[in-house]
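Enquirer: Below is the file work-v4.txt, which contains compact mmCIF, C-alpha atoms.
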```txt
# COMPACT_ATOMS: atom_id res chain seq x y z
CA MET A 17 0.00 0.00 0.00
CA ASP A 18 1.17 3.53 -0.74
CA ARG A 19 2.00 5.82 2.15
CA VAL A 20 -1.15 6.93 3.98
CA ASN A 21 -1.87 10.01 6.05
CA LEU A 22 -3.14 8.95 9.46
CA LYS A 23 -4.96 11.45 11.62
CA ALA A 24 -4.58 11.66 15.39
CA CYS A 25 -6.72 9.21 17.32
CA ARG A 26 -9.92 10.60 18.81
CA ASP A 27 -12.89 9.45 20.85
CA ALA A 28 -15.50 7.61 18.82
CA ASN A 29 -19.02 8.96 18.43
CA LEU A 30 -22.35 7.58 17.22
CA GLY A 31 -21.56 8.74 13.70
CA ASP A 32 -18.62 6.32 13.61
CA LEU A 33 -20.64 3.17 14.27
CA SER A 34 -21.15 2.17 10.65
CA ALA A 35 -17.45 2.62 9.85
CA VAL A 36 -16.37 0.75 12.99
CA THR A 37 -18.72 -2.09 12.09
CA ASP A 38 -17.19 -2.25 8.61
CA VAL A 39 -13.69 -2.43 10.10
CA HIS A 40 -14.76 -5.21 12.46
CA MET A 41 -16.42 -7.28 9.73
CA LYS A 42 -13.30 -7.14 7.56
CA ALA A 43 -10.72 -7.45 10.35
CA PHE A 44 -12.39 -10.40 12.12
CA PRO A 45 -14.21 -12.42 9.44
CA GLU A 46 -13.93 -15.71 11.36
CA PHE A 47 -15.07 -14.45 14.78
CA PHE A 48 -18.33 -15.78 16.19
CA LEU A 49 -19.71 -12.28 16.74
CA THR A 50 -19.05 -11.46 13.10
CA THR A 51 -21.18 -14.41 12.02
CA LEU A 52 -24.13 -12.84 13.84
CA GLY A 53 -24.20 -10.11 11.22
CA ALA A 54 -23.39 -6.43 10.82
CA SER A 55 -26.54 -5.28 12.61
CA PHE A 56 -25.60 -7.23 15.73
CA VAL A 57 -21.99 -5.99 15.63
CA ARG A 58 -23.15 -2.39 15.25
CA THR A 59 -25.46 -2.72 18.25
CA MET A 60 -22.63 -4.23 20.31
CA TYR A 61 -20.34 -1.29 19.60
CA LYS A 62 -23.17 1.13 20.31
CA ALA A 63 -23.46 -0.44 23.76
CA PHE A 64 -19.76 0.10 24.35
CA LEU A 65 -20.06 3.69 23.18
CA LEU A 66 -22.91 4.37 25.60
CA ASN A 67 -21.11 2.71 28.52
CA SER A 68 -20.09 5.40 31.00
CA ASN A 69 -17.02 3.33 31.94
CA GLY A 70 -16.09 2.64 28.33
CA ILE A 71 -13.11 3.74 26.27
CA PHE A 72 -13.63 3.87 22.52
CA VAL A 73 -11.08 5.48 20.21
CA VAL A 74 -10.76 5.57 16.43
CA THR A 75 -8.17 6.71 13.93
CA GLU A 76 -8.75 7.92 10.40
CA ALA A 77 -6.96 8.01 7.09
CA ASP A 78 -7.95 10.12 4.09
CA ALA A 79 -10.90 7.86 3.31
CA GLY A 80 -12.26 7.80 6.88
CA VAL A 81 -12.06 5.54 9.93
CA CYS A 82 -9.53 2.76 9.41
CA GLY A 83 -9.19 1.37 12.93
CA PHE A 84 -10.59 1.37 16.45
CA ALA A 85 -9.84 0.24 20.00
CA VAL A 86 -12.53 -0.42 22.58
CA GLY A 87 -12.73 -1.53 26.19
CA ALA A 88 -14.13 -0.67 29.59
CA LEU A 89 -13.16 -0.13 33.20
CA ASN A 90 -13.60 -3.23 35.36
CA SER A 91 -15.57 -5.04 32.67
CA SER A 92 -13.91 -8.37 33.47
CA ASN A 93 -14.97 -9.50 29.99
CA LYS A 94 -18.61 -9.70 31.15
CA ASP A 95 -21.02 -7.94 28.84
CA SER A 96 -24.38 -8.68 30.45
CA LYS A 97 -24.99 -5.08 31.54
CA LEU A 98 -24.12 -3.82 28.07
CA ALA A 99 -26.38 -6.39 26.48
CA MET A 100 -29.34 -5.61 28.73
CA ARG A 101 -29.14 -1.89 28.03
CA LEU A 102 -29.92 -2.41 24.35
CA LEU A 103 -31.70 -5.73 24.66
CA PRO A 104 -34.53 -5.03 22.15
CA GLN A 105 -31.99 -3.99 19.50
CA PHE A 106 -29.82 -7.04 20.18
CA VAL A 107 -32.81 -9.37 19.93
CA TRP A 108 -33.94 -7.84 16.64
CA ALA A 109 -30.41 -7.95 15.20
CA ILE A 110 -29.80 -11.58 16.10
CA ILE A 111 -33.02 -13.02 14.67
CA PRO A 112 -31.56 -13.93 11.23
CA ALA A 113 -28.65 -15.84 12.78
CA VAL A 114 -30.94 -17.63 15.24
CA LEU A 115 -33.26 -18.73 12.46
CA GLN A 116 -30.32 -20.23 10.56
CA ASP A 117 -28.83 -22.17 13.49
CA PRO A 118 -30.78 -21.66 16.73
CA PHE A 119 -28.97 -24.12 19.00
CA ARG A 120 -25.44 -23.03 18.11
CA VAL A 121 -26.19 -19.31 18.22
CA LEU A 122 -28.20 -19.28 21.44
CA THR A 123 -25.71 -21.52 23.23
CA ARG A 124 -22.79 -19.30 22.23
CA ILE A 125 -24.67 -16.12 23.14
CA VAL A 126 -25.33 -17.38 26.67
CA ARG A 127 -21.67 -18.32 27.08
CA GLN A 128 -20.39 -15.08 25.56
CA PHE A 129 -22.51 -12.62 27.49
CA PHE A 130 -23.76 -14.28 30.64
CA GLU A 131 -21.09 -16.71 31.81
CA LYS A 132 -17.58 -16.04 33.06
CA ASN A 133 -16.12 -18.65 30.69
CA GLY A 134 -13.13 -19.27 32.94
CA VAL A 135 -11.71 -15.75 32.66
CA PRO A 136 -9.52 -15.01 35.72
CA ASP A 137 -10.40 -12.25 38.14
CA LEU A 138 -8.83 -8.96 37.15
CA PRO A 139 -7.08 -6.40 39.37
CA HIS A 140 -9.22 -3.68 40.90
CA GLY A 141 -9.00 -0.54 38.79
CA ALA A 142 -8.07 -2.39 35.62
CA VAL A 143 -9.31 -1.32 32.21
CA VAL A 144 -9.98 -4.25 29.91
CA LEU A 145 -8.99 -3.86 26.27
CA ARG A 146 -11.67 -5.79 24.43
CA SER A 147 -10.64 -5.31 20.82
CA ILE A 148 -8.37 -3.51 18.40
CA GLY A 149 -9.59 -3.65 14.82
CA VAL A 150 -7.77 -2.36 11.74
CA PHE A 151 -8.67 -2.68 8.07
CA PRO A 152 -6.51 -5.51 6.63
CA GLU A 153 -4.95 -3.19 4.06
CA PHE A 154 -3.67 -0.93 6.88
CA LYS A 155 -1.88 -3.66 8.82
CA GLY A 156 1.84 -3.13 9.24
CA LEU A 157 1.54 0.67 9.06
CA GLY A 158 1.56 1.32 12.82
CA VAL A 159 -2.19 1.90 13.11
CA ALA A 160 -2.66 -0.60 15.94
CA SER A 161 0.19 0.98 17.92
CA LEU A 162 -1.38 4.42 17.58
CA LEU A 163 -4.72 3.07 18.76
CA LEU A 164 -3.21 1.22 21.71
CA SER A 165 -1.31 4.32 22.85
CA ALA A 166 -4.46 6.43 22.64
CA PHE A 167 -6.42 3.79 24.52
CA GLU A 168 -3.81 3.71 27.29
CA ARG A 169 -3.86 7.51 27.61
CA SER A 170 -7.63 7.45 28.02
CA ALA A 171 -7.31 4.71 30.64
CA LEU A 172 -4.88 6.84 32.63
CA GLN A 173 -7.20 9.83 32.44
CA MET A 174 -9.99 7.60 33.74
CA GLY A 175 -7.86 6.72 36.75
CA ALA A 176 -7.04 3.12 35.80
CA THR A 177 -4.11 1.47 37.56
CA SER A 178 -3.56 -1.27 35.01
CA LEU A 179 -4.62 -2.59 31.62
CA ALA A 180 -5.75 -6.14 30.92
CA LEU A 181 -6.52 -8.18 27.83
CA THR A 182 -7.01 -11.78 26.82
CA THR A 183 -5.65 -13.34 23.67
CA ASP A 184 -5.35 -16.81 22.17
CA VAL A 185 -2.40 -19.02 23.03
CA LEU A 186 -2.28 -21.01 19.80
CA ASP A 187 -1.40 -19.67 16.34
CA ASN A 188 -1.28 -16.13 17.71
CA GLU A 189 2.41 -15.27 18.02
CA ARG A 190 2.11 -12.00 16.09
CA ALA A 191 -0.50 -10.56 18.46
CA ILE A 192 1.32 -11.81 21.55
CA GLN A 193 4.57 -10.20 20.43
CA PHE A 194 2.74 -6.97 19.58
CA TYR A 195 1.41 -6.66 23.11
CA ARG A 196 4.72 -7.67 24.66
CA LYS A 197 6.43 -4.95 22.65
CA HIS A 198 4.05 -2.46 24.24
CA GLY A 199 4.75 -3.58 27.79
CA TYR A 200 2.14 -6.24 28.42
CA GLN A 201 3.16 -9.36 30.32
CA ILE A 202 1.58 -12.80 30.30
CA THR A 203 0.33 -13.39 33.84
CA GLN A 204 -1.89 -16.43 33.45
CA GLU A 205 -3.01 -19.12 31.04
CA PHE A 206 -6.60 -20.32 31.28
CA LYS A 207 -9.25 -22.20 29.34
CA GLN A 208 -12.17 -20.27 27.90
CA ASP A 209 -15.34 -22.29 27.28
CA LYS A 210 -13.43 -25.19 28.89
CA HIS A 211 -11.26 -25.82 25.83
CA ARG A 212 -9.93 -22.61 24.22
CA ALA A 213 -6.44 -21.86 25.56
CA MET A 214 -6.06 -18.15 26.38
CA PHE A 215 -3.47 -15.85 27.93
CA LEU A 216 -4.29 -13.08 30.37
CA MET A 217 -1.87 -10.19 29.77
CA LEU A 218 -1.45 -7.19 32.07
CA LYS A 219 0.32 -3.84 31.98
CA GLU A 220 0.75 -1.68 35.06
CA LEU A 221 0.06 2.00 34.54
CA ARG A 222 1.13 3.32 37.92
```
Using structure tokens, write down the structure from this file.
Expert:
Amino acid sequence: MDRVNLKACRDANLGDLSAVTDVHMKAFPEFFLTTLGASFVRTMYKAFLLNSNGIFVVTEADAGVCGFAVGALNSSNKDSKLAMRLLPQFVWAIIPAVLQDPFRVLTRIVRQFFEKNGVPDLPHGAVVLRSIGVFPEFKGLGVASLLLSAFERSALQMGATSLALTTDVLDNERAIQFYRKHGYQITQEFKQDKHRAMFLMLKELR
């Protein structure tokens, strides 16, 4: 890709939801949440945006939003409160996926939003980084690093004492090294949904 002009990261707003959804759908095509459809993904990010303890930053290139980072203070990877806030919109958005495969979708939804799934307890005052998404054509240009730095600054301003994230153990060396480069340390390995090997990574801010 030719050299691109990246703008400074900024807080996301409701007008960014469609662009953020587009980034997510293209950055994470194999994720379960992606298979639920763009309407569901958009509603999910709207819930994060409306969360008073949330952090949601985006960065733009000449053509618009090309990446985002999202998370929340003390979320502990549990989204039930976010889900309940926009429950009617979530229900409406998920209907097509449920009709196609009701057992699989409903079982995964319960696990994703209403069970702990084996995630370790997080330190008090931690901000949980839930996702960094970048258009595939912008990978390798430093976009994710810009987003992570902006996310960390917002966490400090919020009064967070540490940052936490979870990431896959297997076939995930690039992401693990990316976070290590930015000061995150593996503190625990655990099983999500009883079989998916995950790392908990932490970074102290104070």
Enquirer: Please list, as a VMD selection string, the residues that have an atom at most 12 Å away from (-3.9, 10.5, 8.2) in the coordinates of this file, counting all atoms listed in the file.
Expert: chain A and resid 19 to 25 74 to 83 154 157 to 159 162
Enquirer: Using all atoms listed in the file, collect all residues at a distance of at most 6 Å from (-20.0, 1.3, 16.0) as written in the file, then present them as a ChimeraX atom specification.
Expert: /A:32-34,36-37,58,61-62
Enquirer: For Glu168 in chain A, which residue among A:Val121, A:Ala142, A:Val185, A:Met41 is the nearest when counting all atoms listed in the file?
Expert: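 Smallest separation from Glu168 in chain A among the options: A:Ala142.
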Enquirer: Enter the distance from CA of Ser170 in chain A to CA of Ala88 in chain A, in Å, rounded to one decimal.
Expert: 10.5 Å
Enquirer: From the options A:Leu102, A:Ala176, A:Ile71, A:Ala166, which residue's atoms come nearest to Arg146 in chain A, counting all atoms listed in the file?
Expert: A:Ile71
Enquirer: For Arg222 in chain A, which residue out of A:Leu138, A:Leu66, A:Ala171, A:Leu49 is the nearest one, using all atoms listed in the file?
Expert: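 Residue with the minimum atom-to-atom distance to Arg222 in chain A: A:Ala171.
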Enquirer: Find the residues around Phe206 in chain A up to 9 Å (all atoms listed in the file counted), leave out those fewer than 5 positions away in its own chain, and share them as an NGL selection string.
Expert: :A and (134-136 or 212-216)
Enquirer: I want to know what sits within 12 Å of Arg190 in chain A, based on all atoms listed in the file, with residues of the same chain fewer than 6 positions away left out; could you give that as a list of chain:residue names?
Expert: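 Residues meeting the cut-off are A:Lys155, A:Gly156, A:Thr183, A:Asp184, A:Arg196, A:Lys197.
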Enquirer: From the list A:Leu186, A:Val114, A:Leu122, A:Ala63, which residue is nearest Lys207 in chain A when using only C-alpha atoms?
Expert: A:Leu186
Enquirer: Can you pull out every residue within 9 Å of Leu181 in chain A, counting only C-alpha atoms, but drop anything in the same chain fewer than 6 positions away, and send it as JSON, numbers by chain?
Expert: {"A": [93, 143, 144, 145, 146, 147, 200, 215, 216, 217, 218]}
Enquirer: Emit the selected residues as a PDB file, in the frame of the given file, including C-alpha atoms.
Expert:
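File written: part-v2.pdb
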```
ATOM      1  CA  ASN A  93     -14.970  -9.500  29.990  1.00  0.00           C
ATOM      2  CA  VAL A 143      -9.310  -1.320  32.210  1.00  0.00           C
ATOM      3  CA  VAL A 144      -9.980  -4.250  29.910  1.00  0.00           C
ATOM      4  CA  LEU A 145      -8.990  -3.860  26.270  1.00  0.00           C
ATOM      5  CA  ARG A 146     -11.670  -5.790  24.430  1.00  0.00           C
ATOM      6  CA  SER A 147     -10.640  -5.310  20.820  1.00  0.00           C
ATOM      7  CA  TYR A 200       2.140  -6.240  28.420  1.00  0.00           C
ATOM      8  CA  PHE A 215      -3.470 -15.850  27.930  1.00  0.00           C
ATOM      9  CA  LEU A 216      -4.290 -13.080  30.370  1.00  0.00           C
ATOM     10  CA  MET A 217      -1.870 -10.190  29.770  1.00  0.00           C
ATOM     11  CA  LEU A 218      -1.450  -7.190  32.070  1.00  0.00           C
TER      12      LEU A 218
END
```
Enquirer: So how far away is CA of Ser55 in chain A from CA of Leu30 in chain A, in Å?
Expert: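 CA of Ser55 in chain A lies at a distance of 14.3 Å from CA of Leu30 in chain A.
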Enquirer: What are the centre and edge lengths in Å, to one decimal, of the axis-aligned box around all listed atoms of range 51-62 of chain A with 3 Å added on each side, as lines of an AutoDock Vina configuration file?
Expert:
```
center_x = -23.4
center_y = -6.6
center_z = 15.6
size_x = 12.2
size_y = 21.5
size_z = 15.5
```
Enquirer: Restricting the calculation to all atoms listed in the file, which member of A:Thr123, A:Val107, A:Pro139, A:Arg26 is positioned closest to Leu164 in chain A?
Expert: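 Closest residue, counting all atoms listed in the file: A:Arg26.
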